[in-house]
file my_file-v9.txt (compact mmCIF, C-alpha atoms and all ligand atoms)
# COMPACT_ATOMS: atom_id res chain seq x y z
CA MET S 1 -8.43 111.08 -9.40
CA ASN S 2 -5.10 112.63 -8.67
CA LEU S 3 -2.86 113.10 -11.73
CA LYS S 4 0.81 113.92 -11.34
CA THR S 5 2.91 114.40 -14.45
CA PHE S 6 6.68 114.26 -14.40
CA THR S 7 9.35 115.18 -16.90
CA LYS S 8 12.21 113.75 -14.86
CA GLY S 9 12.48 110.02 -14.25
CA GLN S 10 14.05 110.52 -10.85
CA GLU S 11 11.08 112.56 -9.58
CA PHE S 12 8.66 109.96 -10.91
CA ILE S 13 10.54 107.29 -8.96
CA THR S 14 11.01 109.30 -5.74
CA THR S 15 7.36 110.39 -5.59
CA THR S 16 6.13 106.83 -6.08
CA VAL S 17 8.51 105.42 -3.47
CA LYS S 18 7.41 108.13 -1.02
CA LYS S 19 3.82 106.87 -1.27
CA ILE S 20 4.95 103.56 0.19
CA THR S 21 7.29 104.99 2.85
CA ASP S 22 4.58 107.47 3.95
CA LEU S 23 2.11 104.65 4.28
CA LEU S 24 4.57 102.64 6.36
CA GLU S 25 4.82 105.61 8.69
CA GLN S 26 1.06 106.21 8.88
CA LYS S 27 -0.26 102.69 9.17
CA PRO S 28 0.88 100.37 11.94
CA GLY S 29 1.31 96.66 11.27
CA THR S 30 1.49 94.88 7.97
CA LEU S 31 1.02 96.54 4.58
CA TYR S 32 -0.37 94.58 1.64
CA ILE S 33 0.92 95.79 -1.71
CA ALA S 34 0.24 94.47 -5.21
CA LEU S 35 2.95 94.85 -7.83
CA SER S 36 2.30 95.12 -11.55
CA GLY S 37 4.58 93.73 -14.23
CA GLY S 38 5.63 95.69 -17.31
CA LYS S 39 8.69 97.85 -17.87
CA THR S 40 7.59 101.09 -16.22
CA PRO S 41 7.72 100.04 -12.54
CA THR S 42 11.19 98.41 -12.68
CA PRO S 43 13.18 101.47 -11.50
CA VAL S 44 10.58 102.14 -8.80
CA TYR S 45 10.97 98.59 -7.48
CA GLU S 46 14.76 98.93 -7.57
CA ALA S 47 14.50 102.17 -5.58
CA LEU S 48 12.19 100.54 -3.02
CA ALA S 49 14.68 97.68 -2.62
CA ASN S 50 17.46 100.18 -1.91
CA ASN S 51 15.48 102.40 0.44
CA PRO S 52 16.37 102.00 4.15
CA ASP S 53 12.93 103.34 5.16
CA VAL S 54 11.20 100.35 3.59
CA ASP S 55 10.76 97.81 6.35
CA PHE S 56 10.60 94.52 4.49
CA ASN S 57 9.40 92.77 7.63
CA ARG S 58 6.17 94.72 7.47
CA ILE S 59 5.11 94.27 3.85
CA GLU S 60 3.38 91.38 2.11
CA TRP S 61 3.88 91.75 -1.63
CA PHE S 62 1.60 90.20 -4.24
CA VAL S 63 2.08 89.98 -8.01
CA VAL S 64 -0.82 91.65 -9.88
CA ASP S 65 -0.70 89.44 -12.95
CA GLU S 66 1.45 86.94 -14.76
CA ARG S 67 2.09 85.43 -18.15
CA TYR S 68 1.51 81.68 -18.22
CA VAL S 69 5.18 80.90 -18.69
CA PRO S 70 7.81 79.21 -16.46
CA PHE S 71 9.02 81.39 -13.59
CA ASP S 72 12.46 81.84 -15.18
CA HIS S 73 11.06 82.79 -18.60
CA LEU S 74 12.07 86.10 -20.17
CA TYR S 75 8.46 87.33 -19.98
CA SER S 76 7.76 86.21 -16.42
CA ASN S 77 6.61 89.00 -14.12
CA TYR S 78 7.87 86.96 -11.18
CA LYS S 79 11.30 87.03 -12.75
CA MET S 80 11.17 90.76 -13.48
CA ILE S 81 9.96 91.61 -9.97
CA THR S 82 12.42 89.40 -8.07
CA LYS S 83 15.27 90.79 -10.18
CA ALA S 84 14.21 94.38 -9.50
CA PHE S 85 13.95 93.70 -5.75
CA ALA S 86 17.21 91.69 -5.65
CA LYS S 87 18.88 94.13 -3.23
CA ALA S 88 16.19 93.43 -0.63
CA GLY S 89 17.34 89.80 -0.60
CA SER S 90 15.56 86.85 0.97
CA LEU S 91 13.33 89.02 3.16
CA PHE S 92 11.51 90.21 0.05
CA GLN S 93 11.26 86.68 -1.38
CA LYS S 94 9.89 85.41 1.94
CA HIS S 95 7.02 87.90 1.80
CA LEU S 96 6.32 87.67 -1.94
CA HIS S 97 3.17 85.91 -3.16
CA TRP S 98 3.27 84.93 -6.81
CA PHE S 99 1.46 82.85 -9.41
CA ASN S 100 3.08 79.43 -9.57
CA THR S 101 2.72 78.58 -13.27
CA GLN S 102 3.73 74.94 -12.94
CA PRO S 103 0.21 73.53 -12.48
CA PRO S 104 -2.49 73.89 -15.16
CA ALA S 105 -3.42 77.58 -15.53
CA LYS S 106 -6.82 77.24 -13.86
CA VAL S 107 -5.20 75.57 -10.83
CA SER S 108 -2.55 78.33 -10.67
CA ALA S 109 -5.32 80.91 -10.49
CA GLU S 110 -7.22 78.94 -7.82
CA ARG S 111 -4.11 78.60 -5.68
CA TYR S 112 -3.35 82.28 -5.99
CA GLU S 113 -6.90 83.09 -4.98
CA GLU S 114 -6.26 81.15 -1.76
CA GLU S 115 -3.21 83.37 -1.13
CA LEU S 116 -5.31 86.49 -1.70
CA LYS S 117 -7.87 85.26 0.81
CA LYS S 118 -5.19 85.52 3.50
CA ILE S 119 -5.24 89.32 3.16
CA PRO S 120 -7.53 90.79 5.85
CA ASN S 121 -10.84 91.50 4.15
CA GLN S 122 -8.98 90.99 0.81
CA GLU S 123 -8.12 94.68 0.96
CA PHE S 124 -4.77 95.73 -0.44
CA ASP S 125 -3.33 98.96 0.94
CA VAL S 126 -1.95 99.81 -2.49
CA VAL S 127 -2.28 98.25 -5.92
CA ILE S 128 0.37 99.40 -8.38
CA LEU S 129 -0.78 99.07 -11.98
CA GLY S 130 0.31 99.95 -15.50
CA ILE S 131 -1.60 100.61 -18.71
CA GLY S 132 -1.03 99.11 -22.15
CA ASN S 133 -1.45 100.99 -25.43
CA ASP S 134 -4.76 99.15 -25.88
CA GLY S 135 -6.02 100.36 -22.49
CA HIS S 136 -5.56 97.09 -20.61
CA THR S 137 -4.46 97.14 -17.02
CA ALA S 138 -3.29 94.15 -14.96
CA SER S 139 -4.26 91.37 -17.43
CA LEU S 140 -7.72 92.81 -17.95
CA PHE S 141 -7.94 93.17 -21.71
CA PRO S 142 -10.44 95.01 -23.95
CA GLY S 143 -13.56 92.94 -24.59
CA SER S 144 -12.42 90.10 -22.32
CA PRO S 145 -15.07 88.14 -20.36
CA THR S 146 -12.71 88.54 -17.37
CA LEU S 147 -13.81 92.17 -17.12
CA LYS S 148 -17.15 90.87 -15.86
CA GLU S 149 -15.66 88.55 -13.23
CA ARG S 150 -17.26 89.36 -9.86
CA LYS S 151 -16.79 86.14 -7.88
CA HIS S 152 -13.18 85.10 -8.27
CA LEU S 153 -10.29 87.16 -6.96
CA ALA S 154 -7.83 85.68 -9.47
CA VAL S 155 -8.44 84.00 -12.83
CA HIS S 156 -6.79 82.51 -15.87
CA THR S 157 -7.46 84.65 -18.93
CA ILE S 158 -6.36 84.99 -22.53
CA ASN S 159 -4.90 88.05 -24.19
CA GLU S 160 -6.70 87.59 -27.51
CA SER S 161 -4.47 89.97 -29.40
CA ALA S 162 -1.29 88.63 -27.70
CA PRO S 163 0.74 91.63 -28.79
CA ASN S 164 4.20 92.19 -27.49
CA PRO S 165 5.42 90.06 -25.75
CA PRO S 166 3.56 87.30 -27.57
CA VAL S 167 2.20 85.29 -24.68
CA ALA S 168 -1.55 84.80 -24.75
CA GLY S 169 -2.06 82.90 -21.50
CA ARG S 170 -2.37 85.19 -18.49
CA LEU S 171 -3.20 85.01 -14.81
CA THR S 172 -4.56 88.07 -13.10
CA ILE S 173 -6.24 89.55 -10.08
CA THR S 174 -9.73 90.81 -10.92
CA TRP S 175 -11.78 93.99 -10.59
CA PRO S 176 -13.36 93.11 -7.20
CA VAL S 177 -9.89 93.01 -5.59
CA ILE S 178 -8.57 96.08 -7.35
CA MET S 179 -11.62 98.20 -6.60
CA LYS S 180 -11.64 97.20 -2.93
CA SER S 181 -8.04 98.33 -2.35
CA GLY S 182 -7.18 101.37 -0.24
CA GLU S 183 -5.40 103.03 -3.12
CA VAL S 184 -4.55 102.43 -6.77
CA VAL S 185 -1.43 103.95 -8.29
CA LEU S 186 -1.16 103.81 -12.08
CA LEU S 187 2.42 104.13 -13.32
CA VAL S 188 2.72 105.32 -16.91
CA SER S 189 5.79 106.25 -18.86
CA GLY S 190 6.64 107.27 -22.40
CA LYS S 191 5.46 109.29 -25.40
CA GLU S 192 3.72 106.27 -26.87
CA LYS S 193 1.33 106.29 -23.90
CA GLN S 194 0.14 109.86 -24.53
CA GLU S 195 -2.69 108.80 -26.82
CA ILE S 196 -4.15 106.17 -24.51
CA MET S 197 -3.74 108.57 -21.57
CA ASN S 198 -5.75 111.24 -23.43
CA GLU S 199 -8.42 108.65 -24.08
CA LEU S 200 -8.34 107.45 -20.47
CA LEU S 201 -8.61 110.94 -19.00
CA HIS S 202 -10.78 112.74 -21.55
CA GLY S 203 -12.21 110.21 -24.03
CA LYS S 204 -15.64 108.61 -24.17
CA ALA S 205 -14.55 104.95 -24.40
CA THR S 206 -16.18 102.67 -21.86
CA ALA S 207 -14.38 100.26 -19.55
CA SER S 208 -15.30 97.33 -21.80
CA VAL S 209 -13.15 98.75 -24.61
CA LEU S 210 -10.67 100.64 -22.43
CA PRO S 211 -10.49 98.58 -19.23
CA ALA S 212 -8.36 101.09 -17.29
CA LYS S 213 -11.36 103.49 -17.39
CA LYS S 214 -12.82 101.49 -14.53
CA LEU S 215 -10.05 102.89 -12.32
CA LEU S 216 -11.65 106.34 -12.53
CA GLU S 217 -14.42 104.94 -10.29
CA HIS S 218 -11.90 104.16 -7.55
CA PRO S 219 -12.15 106.69 -4.69
CA ASN S 220 -8.39 106.87 -4.19
CA PHE S 221 -6.87 106.68 -7.66
CA THR S 222 -3.52 108.30 -8.43
CA VAL S 223 -1.76 108.50 -11.80
CA HIS S 224 1.98 109.10 -12.04
CA PHE S 225 2.73 109.90 -15.67
CA LEU S 226 6.32 110.32 -16.79
CA VAL S 227 5.80 112.18 -20.06
CA GLY S 228 8.18 112.16 -22.95
CA ALA S 229 10.42 109.43 -21.58
C1 LIG S 301 2.26 93.27 -17.57
C2 LIG S 301 0.97 93.89 -17.16
C3 LIG S 301 0.51 95.09 -17.92
C4 LIG S 301 1.45 96.28 -17.87
C5 LIG S 301 1.10 97.27 -18.98
C6 LIG S 301 2.07 98.41 -19.03
O1 LIG S 301 2.77 93.59 -18.62
O2 LIG S 301 2.69 92.43 -16.84
O3 LIG S 301 0.07 92.93 -17.45
O4 LIG S 301 -0.77 95.47 -17.46
O5 LIG S 301 1.40 96.89 -16.62
O6 LIG S 301 1.10 96.60 -20.21
O7 LIG S 301 3.34 97.92 -19.31
P1 LIG S 301 4.61 98.86 -19.43
O8 LIG S 301 4.93 99.36 -18.06
O9 LIG S 301 5.68 97.95 -19.96
O10 LIG S 301 4.24 99.96 -20.37
call {"tool": "encode", "arguments": {"input": "my_file-v9.txt", "output": "C-alpha cells"}}
result
Amino acid sequence: MNLKTFTKGQEFITTTVKKITDLLEQKPGTLYIALSGGKTPTPVYEALANNPDVDFNRIEWFVVDERYVPFDHLYSNYKMITKAFAKAGSLFQKHLHWFNTQPPAKVSAERYEEELKKIPNQEFDVVILGIGNDGHTASLFPGSPTLKERKHLAVHTINESAPNPPVAGRLTITWPVIMKSGEVVLLVSGKEKQEIMNELLHGKATASVLPAKKLLEHPNFTVHFLVGA
C-alpha cells in the first residue's frame, strides 16, 4: 500500500490527475477507468476534464456504483460525474458506461454486468474509490451479503443503514472486479475521515465490518488522503 497525505487540496488533485496522465503515456491503446461517486473526487474529475493531456478518445469510463434513483436525481452518481466532466463534452459522454436505473434494479445490475464484460479480461487499469465513515467503499457496506459476491461483476444491493443521503437501493461493482484491476486509488478527504482511516490502516477490524480493509490485499493500492480539509 502506498499512502500519500496532503494538506493542500490542489496537490491532492494534481497528484491524482497525474496518475491518469502518466498511465496514458505509459500504456498504448485504450484505458479502462472506474469512477466512484461521493463528494471527494469531484474536483479531481473537473481537473481531468480540463486537462489537455487527457485524451478522451482513449479512455472508457465506468461508474463504480449508483443509487437506485433516476439519472437526474440529486443523489445520482451519474449526474454528479457528468456534471464534473462537463468541460470534456460529448466525447466523455460517448465513452461513459453507467447504471441505467430505469429498469428494475436487478435488471439494471445485469445490464451493467454486460457492459463490464466488454472490458478485456474485465480488468480495469484504475479503479477510483472513496471510503465512508462506516468503512464502506463503492456500495459494499459493512455486514452486507454483497461482500461475499464472487460470481457477478455488478449487483443490486441495499444500504441497510441508509445514512446520508438517505437512499437505500444501490447498484455496485463487486470485489472480483475491484481486486482484478491494475490499480486501486482511494481518495479520502476531511477531518471526519481521520478515525476510519486510522482503523483502516492500523485497526484490527476485518473486511466484513470494515469493507475497505479488503483493499489492503490489492497489490497496487494507493491512498490519497487530504487531511484536515
Ligand atoms: C458514493 C460511493 C461511496 C463514496 C464514499 C465516500 O457515495 O457514491 O458509494 O462509496 O465513495 O461514501 O464519499 P465522500 O467522497 O463523499 O466522502
call {"tool": "atom_distance", "arguments": {"input": "my_file-v9.txt", "atom1": "atom CA of Pro28 of chain S", "atom2": "atom CA of Leu91 of chain S"}}
result
19.0 Å
call {"tool": "atom_distance", "arguments": {"input": "my_file-v9.txt", "atom1": "atom C6 of ligand LIG 301 (chain S)", "atom2": "atom CA of Gly89 of chain S"}}
result
25.4 Å
call {"tool": "residues_near_ligand", "arguments": {"input": "my_file-v9.txt", "ligand": "ligand LIG 301 (chain S)", "cutoff": "9 Å", "atoms": "all atoms listed in the file", "output": "VMD selection string"}}
result
chain S and resid 36 to 42 64 to 67 75 to 77 128 to 141 165 170 to 172 186 to 190 193
call {"tool": "closest_residue", "arguments": {"input": "my_file-v9.txt", "among": "S:Val54, S:Ile158, S:Val177, S:Ala84", "to": "Glu113 of chain S", "atoms": "only C-alpha atoms"}}
result
S:Val177
call {"tool": "residues_around", "arguments": {"input": "my_file-v9.txt", "residues": "segment 120-126 of chain S", "least_positions_apart": "5", "cutoff": "7 Å", "atoms": "only C-alpha atoms", "output": "list in words"}}
result
Leu31, Tyr32, Ile33, Ala34, Val177, Lys180, Ser181, Gly182, Glu183 and Val184 of chain S
call {"tool": "residues_around", "arguments": {"input": "my_file-v9.txt", "residues": "Thr30 of chain S", "least_positions_apart": "2", "cutoff": "9 Å", "atoms": "all atoms listed in the file", "output": "compact mmCIF listing (two decimals) with C-alpha atoms, keeping the file's coordinate frame"}}
result
# COMPACT_ATOMS: atom_id res chain seq x y z
CA LEU S 24 4.57 102.64 6.36
CA LYS S 27 -0.26 102.69 9.17
CA PRO S 28 0.88 100.37 11.94
CA TYR S 32 -0.37 94.58 1.64
CA ASN S 57 9.40 92.77 7.63
CA ARG S 58 6.17 94.72 7.47
CA ILE S 59 5.11 94.27 3.85
CA GLU S 60 3.38 91.38 2.11
call {"tool": "atom_distance", "arguments": {"input": "my_file-v9.txt", "atom1": "atom CA of His224 of chain S", "atom2": "atom CA of Lys18 of chain S"}}
result
12.3 Å
call {"tool": "residues_around", "arguments": {"input": "my_file-v9.txt", "residues": "Phe62 of chain S", "least_positions_apart": "5", "cutoff": "10 Å", "atoms": "all atoms listed in the file", "output": "PDB file with C-alpha atoms, keeping the file's coordinate frame"}}
result
ATOM      1  CA  TYR S  32      -0.370  94.580   1.640  1.00  0.00           C
ATOM      2  CA  ILE S  33       0.920  95.790  -1.710  1.00  0.00           C
ATOM      3  CA  ALA S  34       0.240  94.470  -5.210  1.00  0.00           C
ATOM      4  CA  LEU S  35       2.950  94.850  -7.830  1.00  0.00           C
ATOM      5  CA  SER S  36       2.300  95.120 -11.550  1.00  0.00           C
ATOM      6  CA  TYR S  78       7.870  86.960 -11.180  1.00  0.00           C
ATOM      7  CA  HIS S  95       7.020  87.900   1.800  1.00  0.00           C
ATOM      8  CA  LEU S  96       6.320  87.670  -1.940  1.00  0.00           C
ATOM      9  CA  HIS S  97       3.170  85.910  -3.160  1.00  0.00           C
ATOM     10  CA  TRP S  98       3.270  84.930  -6.810  1.00  0.00           C
ATOM     11  CA  PHE S  99       1.460  82.850  -9.410  1.00  0.00           C
ATOM     12  CA  TYR S 112      -3.350  82.280  -5.990  1.00  0.00           C
ATOM     13  CA  GLU S 115      -3.210  83.370  -1.130  1.00  0.00           C
ATOM     14  CA  LEU S 116      -5.310  86.490  -1.700  1.00  0.00           C
ATOM     15  CA  PHE S 124      -4.770  95.730  -0.440  1.00  0.00           C
ATOM     16  CA  VAL S 127      -2.280  98.250  -5.920  1.00  0.00           C
ATOM     17  CA  ILE S 173      -6.240  89.550 -10.080  1.00  0.00           C
TER      18      ILE S 173
END
call {"tool": "residues_around", "arguments": {"input": "my_file-v9.txt", "residues": "Leu48 of chain S", "least_positions_apart": "2", "cutoff": "12 Å", "atoms": "all atoms listed in the file", "output": "PDB file with C-alpha atoms, keeping the file's coordinate frame"}}
result
ATOM      1  CA  ILE S  13      10.540 107.290  -8.960  1.00  0.00           C
ATOM      2  CA  THR S  14      11.010 109.300  -5.740  1.00  0.00           C
ATOM      3  CA  THR S  15       7.360 110.390  -5.590  1.00  0.00           C
ATOM      4  CA  THR S  16       6.130 106.830  -6.080  1.00  0.00           C
ATOM      5  CA  VAL S  17       8.510 105.420  -3.470  1.00  0.00           C
ATOM      6  CA  LYS S  18       7.410 108.130  -1.020  1.00  0.00           C
ATOM      7  CA  LYS S  19       3.820 106.870  -1.270  1.00  0.00           C
ATOM      8  CA  ILE S  20       4.950 103.560   0.190  1.00  0.00           C
ATOM      9  CA  THR S  21       7.290 104.990   2.850  1.00  0.00           C
ATOM     10  CA  LEU S  35       2.950  94.850  -7.830  1.00  0.00           C
ATOM     11  CA  PRO S  41       7.720 100.040 -12.540  1.00  0.00           C
ATOM     12  CA  THR S  42      11.190  98.410 -12.680  1.00  0.00           C
ATOM     13  CA  PRO S  43      13.180 101.470 -11.500  1.00  0.00           C
ATOM     14  CA  VAL S  44      10.580 102.140  -8.800  1.00  0.00           C
ATOM     15  CA  TYR S  45      10.970  98.590  -7.480  1.00  0.00           C
ATOM     16  CA  GLU S  46      14.760  98.930  -7.570  1.00  0.00           C
ATOM     17  CA  ASN S  50      17.460 100.180  -1.910  1.00  0.00           C
ATOM     18  CA  ASN S  51      15.480 102.400   0.440  1.00  0.00           C
ATOM     19  CA  PRO S  52      16.370 102.000   4.150  1.00  0.00           C
ATOM     20  CA  ASP S  53      12.930 103.340   5.160  1.00  0.00           C
ATOM     21  CA  VAL S  54      11.200 100.350   3.590  1.00  0.00           C
ATOM     22  CA  ASP S  55      10.760  97.810   6.350  1.00  0.00           C
ATOM     23  CA  PHE S  56      10.600  94.520   4.490  1.00  0.00           C
ATOM     24  CA  ILE S  59       5.110  94.270   3.850  1.00  0.00           C
ATOM     25  CA  ILE S  81       9.960  91.610  -9.970  1.00  0.00           C
ATOM     26  CA  ALA S  84      14.210  94.380  -9.500  1.00  0.00           C
ATOM     27  CA  PHE S  85      13.950  93.700  -5.750  1.00  0.00           C
ATOM     28  CA  ALA S  86      17.210  91.690  -5.650  1.00  0.00           C
ATOM     29  CA  LYS S  87      18.880  94.130  -3.230  1.00  0.00           C
ATOM     30  CA  ALA S  88      16.190  93.430  -0.630  1.00  0.00           C
ATOM     31  CA  PHE S  92      11.510  90.210   0.050  1.00  0.00           C
TER      32      PHE S  92
END
call {"tool": "residues_around", "arguments": {"input": "my_file-v9.txt", "residues": "Lys213 of chain S", "least_positions_apart": "4", "cutoff": "9 Å", "atoms": "only C-alpha atoms", "output": "list in words"}}
result
Gly135, Glu199, Leu200, Leu201, Ala205, Thr206, Ala207, Ser208, Val209 and Glu217 of chain S
call {"tool": "decode", "arguments": {"input": "my_file-v9.txt", "residues": "segment 53-65 of chain S", "atoms": "N, CA, C and O atoms", "output": "PDB file, in the first residue's frame"}}
result
ATOM      1  N   ASP S  53      -3.859  16.998 -21.523  1.00  0.00           N
ATOM      2  CA  ASP S  53      -3.131  15.729 -21.698  1.00  0.00           C
ATOM      3  C   ASP S  53      -4.052  14.505 -21.593  1.00  0.00           C
ATOM      4  O   ASP S  53      -3.617  13.376 -21.812  1.00  0.00           O
ATOM      5  N   VAL S  54      -5.278  14.728 -21.204  1.00  0.00           N
ATOM      6  CA  VAL S  54      -6.210  13.593 -21.111  1.00  0.00           C
ATOM      7  C   VAL S  54      -6.881  13.412 -22.472  1.00  0.00           C
ATOM      8  O   VAL S  54      -7.668  14.246 -22.908  1.00  0.00           O
ATOM      9  N   ASP S  55      -6.514  12.311 -23.125  1.00  0.00           N
ATOM     10  CA  ASP S  55      -7.065  12.035 -24.443  1.00  0.00           C
ATOM     11  C   ASP S  55      -8.383  11.267 -24.268  1.00  0.00           C
ATOM     12  O   ASP S  55      -8.380  10.053 -24.026  1.00  0.00           O
ATOM     13  N   PHE S  56      -9.472  11.976 -24.412  1.00  0.00           N
ATOM     14  CA  PHE S  56     -10.780  11.367 -24.157  1.00  0.00           C
ATOM     15  C   PHE S  56     -11.182  10.336 -25.214  1.00  0.00           C
ATOM     16  O   PHE S  56     -12.148   9.614 -25.036  1.00  0.00           O
ATOM     17  N   ASN S  57     -10.415  10.278 -26.296  1.00  0.00           N
ATOM     18  CA  ASN S  57     -10.666   9.224 -27.287  1.00  0.00           C
ATOM     19  C   ASN S  57     -10.138   7.875 -26.830  1.00  0.00           C
ATOM     20  O   ASN S  57     -10.507   6.845 -27.358  1.00  0.00           O
ATOM     21  N   ARG S  58      -9.245   7.923 -25.844  1.00  0.00           N
ATOM     22  CA  ARG S  58      -8.554   6.689 -25.445  1.00  0.00           C
ATOM     23  C   ARG S  58      -9.008   6.128 -24.107  1.00  0.00           C
ATOM     24  O   ARG S  58      -8.377   5.221 -23.574  1.00  0.00           O
ATOM     25  N   ILE S  59     -10.069   6.691 -23.532  1.00  0.00           N
ATOM     26  CA  ILE S  59     -10.487   6.201 -22.203  1.00  0.00           C
ATOM     27  C   ILE S  59     -11.952   5.783 -22.208  1.00  0.00           C
ATOM     28  O   ILE S  59     -12.818   6.513 -22.675  1.00  0.00           O
ATOM     29  N   GLU S  60     -12.188   4.579 -21.689  1.00  0.00           N
ATOM     30  CA  GLU S  60     -13.553   4.123 -21.431  1.00  0.00           C
ATOM     31  C   GLU S  60     -13.783   4.271 -19.930  1.00  0.00           C
ATOM     32  O   GLU S  60     -13.036   3.709 -19.120  1.00  0.00           O
ATOM     33  N   TRP S  61     -14.771   5.057 -19.573  1.00  0.00           N
ATOM     34  CA  TRP S  61     -15.055   5.353 -18.169  1.00  0.00           C
ATOM     35  C   TRP S  61     -16.254   4.532 -17.699  1.00  0.00           C
ATOM     36  O   TRP S  61     -17.241   4.427 -18.426  1.00  0.00           O
ATOM     37  N   PHE S  62     -16.171   4.026 -16.506  1.00  0.00           N
ATOM     38  CA  PHE S  62     -17.282   3.256 -15.925  1.00  0.00           C
ATOM     39  C   PHE S  62     -17.608   3.826 -14.539  1.00  0.00           C
ATOM     40  O   PHE S  62     -16.700   4.172 -13.781  1.00  0.00           O
ATOM     41  N   VAL S  63     -18.892   3.858 -14.221  1.00  0.00           N
ATOM     42  CA  VAL S  63     -19.309   4.316 -12.888  1.00  0.00           C
ATOM     43  C   VAL S  63     -19.174   3.134 -11.914  1.00  0.00           C
ATOM     44  O   VAL S  63     -19.607   2.026 -12.215  1.00  0.00           O
ATOM     45  N   VAL S  64     -18.532   3.377 -10.774  1.00  0.00           N
ATOM     46  CA  VAL S  64     -18.292   2.320  -9.775  1.00  0.00           C
ATOM     47  C   VAL S  64     -19.604   1.838  -9.157  1.00  0.00           C
ATOM     48  O   VAL S  64     -19.844   0.635  -9.033  1.00  0.00           O
ATOM     49  N   ASP S  65     -20.430   2.787  -8.751  1.00  0.00           N
ATOM     50  CA  ASP S  65     -21.671   2.413  -8.072  1.00  0.00           C
ATOM     51  C   ASP S  65     -22.711   3.515  -8.242  1.00  0.00           C
ATOM     52  O   ASP S  65     -22.394   4.617  -8.689  1.00  0.00           O
TER      53      ASP S  65
END
